[in-house]
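Colleague: Here you go, this is protein-v9.txt (compact mmCIF, C-alpha atoms).
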# COMPACT_ATOMS: atom_id res chain seq x y z
CA MET A 1387 135.32 73.60 132.93
CA LYS A 1388 136.80 77.02 132.11
CA LYS A 1389 136.58 76.32 128.36
CA PHE A 1390 132.89 75.44 128.69
CA PHE A 1391 132.27 78.66 130.63
CA TYR A 1392 134.06 80.73 127.94
CA VAL A 1393 132.11 78.98 125.17
CA VAL A 1394 128.81 79.74 126.93
CA ILE A 1395 129.79 83.40 127.35
CA LEU A 1396 130.86 83.59 123.70
CA VAL A 1397 127.53 82.11 122.57
CA PHE A 1398 125.61 84.67 124.65
CA VAL A 1399 127.68 87.57 123.30
CA VAL A 1400 127.33 86.43 119.68
CA SER A 1401 123.60 85.83 120.12
CA GLY A 1402 123.17 89.29 121.64
CA LEU A 1403 125.08 90.96 118.82
CA TYR A 1404 123.07 89.05 116.23
CA PHE A 1405 119.81 90.13 117.89
CA LEU A 1406 120.87 93.79 118.02
CA ILE A 1407 122.14 93.88 114.43
CA SER A 1408 119.12 91.98 113.13
CA ASN A 1409 116.75 94.34 114.95
CA GLU A 1410 118.52 97.44 113.57
CA LEU A 1411 118.42 96.05 110.02
CA LYS A 1412 114.68 95.43 110.34
CA ILE A 1413 114.12 99.00 111.55
CA HIS A 1414 116.24 100.35 108.68
CA LYS A 1415 114.40 98.22 106.10
CA PHE A 1416 111.06 99.82 106.94
CA ASP A 1417 112.34 103.36 107.48
CA PHE A 1418 111.73 106.03 104.86
CA LYS A 1419 112.39 109.63 103.99
CA ALA A 1420 109.29 111.35 102.65
CA ARG A 1421 107.03 114.35 103.31
CA ASN A 1422 103.80 115.14 105.08
CA LEU A 1423 102.15 118.46 105.95
CA SER A 1424 104.90 119.20 108.48
CA GLY A 1425 107.73 118.70 106.01
CA GLU A 1426 110.31 115.94 105.76
CA ILE A 1427 109.56 112.90 107.91
CA ASN A 1428 110.76 109.37 108.57
CA MET A 1429 109.72 106.52 110.86
CA LYS A 1430 111.48 108.17 113.84
CA SER A 1431 109.20 111.19 113.40
CA PHE A 1432 106.52 109.04 115.01
CA ASP A 1433 108.54 107.51 117.87
CA GLY A 1434 106.48 107.05 120.99
CA LYS A 1435 103.40 106.04 118.99
CA TYR A 1436 102.28 102.73 117.57
CA LYS A 1437 102.28 102.97 113.80
CA ILE A 1438 99.98 101.41 111.23
CA VAL A 1439 101.24 101.76 107.67
CA PHE A 1440 98.94 101.44 104.68
CA PHE A 1441 99.71 101.99 100.98
CA GLY A 1442 96.87 103.48 98.95
CA TYR A 1443 95.58 106.55 97.16
CA MET A 1444 92.74 109.04 97.45
CA PHE A 1445 90.88 108.10 94.26
CA CYS A 1446 90.72 104.43 95.21
CA PRO A 1447 87.07 103.46 94.88
CA ASP A 1448 86.95 100.54 97.32
CA VAL A 1449 90.06 99.05 98.98
CA CYS A 1450 91.38 102.22 100.61
CA PRO A 1451 88.18 103.58 102.14
CA THR A 1452 87.17 100.10 103.31
CA THR A 1453 90.55 99.37 104.90
CA LEU A 1454 90.91 102.79 106.51
CA ASN A 1455 87.39 102.50 107.91
CA LEU A 1456 88.12 99.02 109.29
CA VAL A 1457 91.33 100.15 111.00
CA SER A 1458 89.70 103.32 112.31
CA ASN A 1459 86.76 101.42 113.81
CA ALA A 1460 89.11 98.96 115.51
CA LEU A 1461 91.30 101.77 116.90
CA ASN A 1462 88.26 103.67 118.18
CA GLU A 1463 86.80 100.57 119.83
CA LEU A 1464 90.15 99.77 121.46
CA LYS A 1465 90.54 103.43 122.52
CA ALA A 1466 94.05 103.46 121.04
CA LYS A 1467 95.05 107.08 121.51
CA ASP A 1468 98.79 106.61 120.98
CA THR A 1469 98.51 105.14 117.49
CA GLN A 1470 99.33 106.85 114.18
CA ILE A 1471 98.12 105.75 110.75
CA LEU A 1472 100.69 106.45 108.04
CA PHE A 1473 98.79 106.54 104.75
CA ILE A 1474 101.49 106.26 102.08
CA THR A 1475 100.13 107.52 98.79
CA LEU A 1476 100.83 105.51 95.65
CA ASP A 1477 99.49 108.29 93.43
CA LEU A 1478 102.30 110.83 93.24
CA GLN A 1479 100.66 112.64 90.34
CA ARG A 1480 97.16 113.34 91.72
CA ASP A 1481 97.42 113.12 95.52
CA GLU A 1482 98.43 116.49 96.90
CA ILE A 1483 99.65 116.28 100.49
CA ALA A 1484 97.05 118.64 102.01
CA GLN A 1485 94.05 116.91 100.42
CA CYS A 1486 95.51 113.46 101.03
CA ASP A 1487 96.11 114.30 104.69
CA GLU A 1488 92.54 115.54 105.04
CA TYR A 1489 91.33 112.32 103.39
CA ALA A 1490 93.30 110.14 105.84
CA LYS A 1491 92.16 112.20 108.84
CA TYR A 1492 88.54 111.81 107.72
CA PHE A 1493 88.85 108.16 108.74
CA TYR A 1494 91.05 108.59 111.82
CA PRO A 1495 92.26 111.87 113.35
CA ASN A 1496 95.75 110.51 114.14
CA SER A 1497 96.52 109.87 110.48
CA THR A 1498 98.93 111.51 108.13
CA CYS A 1499 99.49 111.34 104.41
CA VAL A 1500 103.03 110.29 103.53
CA LYS A 1501 104.23 111.24 100.07
CA PHE A 1502 107.52 110.42 98.37
CA ASP A 1503 109.21 112.93 96.09
CA ASN A 1504 109.77 110.45 93.28
CA ARG A 1505 108.62 107.10 91.96
CA ASP A 1506 112.01 105.39 92.55
CA ASP A 1507 111.95 106.10 96.29
CA LEU A 1508 108.33 104.98 96.50
CA ASP A 1509 109.07 101.78 94.57
CA LYS A 1510 111.98 100.98 96.89
CA MET A 1511 109.75 101.40 99.94
CA VAL A 1512 106.93 99.34 98.44
CA LYS A 1513 109.43 96.56 97.71
CA ASN A 1514 110.90 96.72 101.24
CA TYR A 1515 107.45 96.26 102.71
CA GLY A 1516 106.54 93.46 100.31
CA ALA A 1517 103.56 95.43 99.04
CA LYS A 1518 102.50 95.57 95.40
CA TYR A 1519 100.95 98.12 93.08
CA LYS A 1520 100.50 98.70 89.38
CA ILE A 1521 99.26 101.73 87.47
CA ILE A 1522 96.47 100.68 85.12
CA ASP A 1523 95.79 102.85 82.06
CA GLN A 1524 92.12 103.69 81.57
CA ASN A 1525 92.12 105.66 78.34
CA ASP A 1526 88.33 105.59 78.10
CA SER A 1527 87.88 107.09 81.58
CA ASN A 1528 88.01 110.65 82.90
CA MET A 1529 90.53 109.48 85.51
CA SER A 1530 92.94 108.22 82.77
CA TYR A 1531 94.42 105.64 85.16
CA SER A 1532 93.77 103.74 88.35
CA ILE A 1533 96.12 101.93 90.68
CA ALA A 1534 95.75 98.26 91.54
CA HIS A 1535 97.41 97.65 94.91
CA SER A 1536 97.74 95.26 97.81
CA SER A 1537 95.61 95.97 100.84
CA PHE A 1538 97.88 94.83 103.69
CA ILE A 1539 98.42 96.88 106.80
CA TYR A 1540 101.76 96.90 108.60
CA LEU A 1541 101.98 97.21 112.37
CA PHE A 1542 104.94 98.79 114.19
CA ASP A 1543 105.71 99.30 117.86
CA LYS A 1544 106.47 102.65 119.48
CA LYS A 1545 110.16 102.44 118.51
CA GLY A 1546 109.50 101.73 114.83
CA ARG A 1547 110.13 98.00 114.99
CA PHE A 1548 108.07 95.90 112.60
CA VAL A 1549 105.59 93.68 114.45
CA ASN A 1550 103.22 92.17 111.90
CA GLU A 1551 101.76 92.30 108.41
CA VAL A 1552 97.99 91.90 108.40
CA SER A 1553 96.56 90.52 105.17
CA ASN A 1554 93.31 89.01 106.46
CA LEU A 1555 91.29 92.20 106.67
CA THR A 1556 88.19 91.01 108.44
CA TYR A 1557 87.13 93.32 111.24
CA SER A 1558 87.67 90.70 113.94
CA ASN A 1559 91.19 89.89 112.71
CA VAL A 1560 92.24 93.54 112.28
CA LYS A 1561 90.98 94.35 115.77
CA ALA A 1562 92.71 91.29 117.28
CA GLN A 1563 96.02 92.12 115.57
CA ILE A 1564 95.90 95.75 116.71
CA GLN A 1565 94.92 94.67 120.21
CA ASP A 1566 97.94 92.33 120.27
CA LEU A 1567 100.15 95.22 119.15
CA LEU A 1568 98.86 97.47 121.93
CA LYS A 1569 99.08 94.85 124.68
CA ASN A 1570 102.30 93.01 123.83
CA HIS A 1571 104.58 95.49 122.12
Rewrite the structure of this file - the entire thing - as structure tokens.
Modeller:
Amino acid sequence: MKKFFYVVILVFVVSGLYFLISNELKIHKFDFKARNLSGEINMKSFDGKYKIVFFGYMFCPDVCPTTLNLVSNALNELKAKDTQILFITLDLQRDEIAQCDEYAKYFYPNSTCVKFDNRDDLDKMVKNYGAKYKIIDQNDSNMSYSIAHSSFIYLFDKKGRFVNEVSNLTYSNVKAQIQDLLKNH
């Protein structure tokens, strides 16, 4: 009987350690070191707020404004005051932090532009999130290039723990996923 009791305790301890380590690794995977208007930031800079992460760029003609508008409308309807949109720019060459931040705030006041100092750090973060992007040369255009990118949004709780990736960007689904985040996390 004592051996069974010790085995049960050992299983609980190992399970608890696994849960803690797994949770910390998930937080670390999605963390970053970048800049916004305030200076250097990371995921902990937004502790105490729900976080919605979106990769995009200011000159995006369709995906970015549509997605930011969708998320903003859902947040406004849900009256989600303690939620921060982290708009991570994919266009390190053209998107200046001040203008990018103003662009993000146009859609939702609790937004911030997140900009990496170099392409390698950005690429690492994009890979960690499972997002995709590709710079497309447009030699016959005044813009010279555009950026094809995924349109997923990533939801995080108030402690920076990943909750969900939302790829079905219909208004009803985005609202339901954000509502779940606010109620259950």
Colleague: Just checking: using all atoms listed in the file, which residue out of A:Asn1554, A:Gln1563, A:Ser1537, A:Asn1570 ends up closest to A:Tyr1443?
Modeller: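 Under the stated criterion, the closest residue is A:Ser1537.
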Colleague: Suppose you want the space between atom CA of A:Arg1547 and atom CA of A:Ile1427; what is it in Å?
Modeller: 16.5 Å
Colleague: Write out as a PyMOL selection string each polymer residue whose atoms come within 8 Å of stretch 1478-1482 of chain A, counting all atoms listed in the file; drop sequence neighbours fewer than 6 positions from it.
Modeller: chain A and resi 1443-1444+1501-1505
Colleague: Generate a file of the selected residues that holds C-alpha atoms, formatted as a CSV table (one decimal), in the coordinates of the input.
Modeller:
chain,number,residue,atom,x,y,z
A,1443,TYR,CA,95.6,106.6,97.2
A,1444,MET,CA,92.7,109.0,97.4
A,1501,LYS,CA,104.2,111.2,100.1
A,1502,PHE,CA,107.5,110.4,98.4
A,1503,ASP,CA,109.2,112.9,96.1
A,1504,ASN,CA,109.8,110.4,93.3
A,1505,ARG,CA,108.6,107.1,92.0
Colleague: Could you check which of A:Lys1561, A:Lys1467, A:Lys1435, A:Lys1545 is closest to A:Asp1417, using all atoms listed in the file?
Modeller: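 The answer is A:Lys1545, which sits nearest to A:Asp1417.
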Colleague: Please list as number ranges by chain every residue within 10 Å of A:Leu1568, counting all atoms listed in the file and excluding residues in the same chain fewer than 6 positions away.
Modeller: A: 1436, 1464, 1466, 1468-1469, 1542-1544, 1562
Colleague: Name the closest residue to A:Lys1430 among the candidates A:Gly1442, A:Met1511, A:His1414, A:Leu1555; distances are taken between atoms, counting only C-alpha atoms.
Modeller: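 Distance minimum relative to A:Lys1430 lands on A:His1414.
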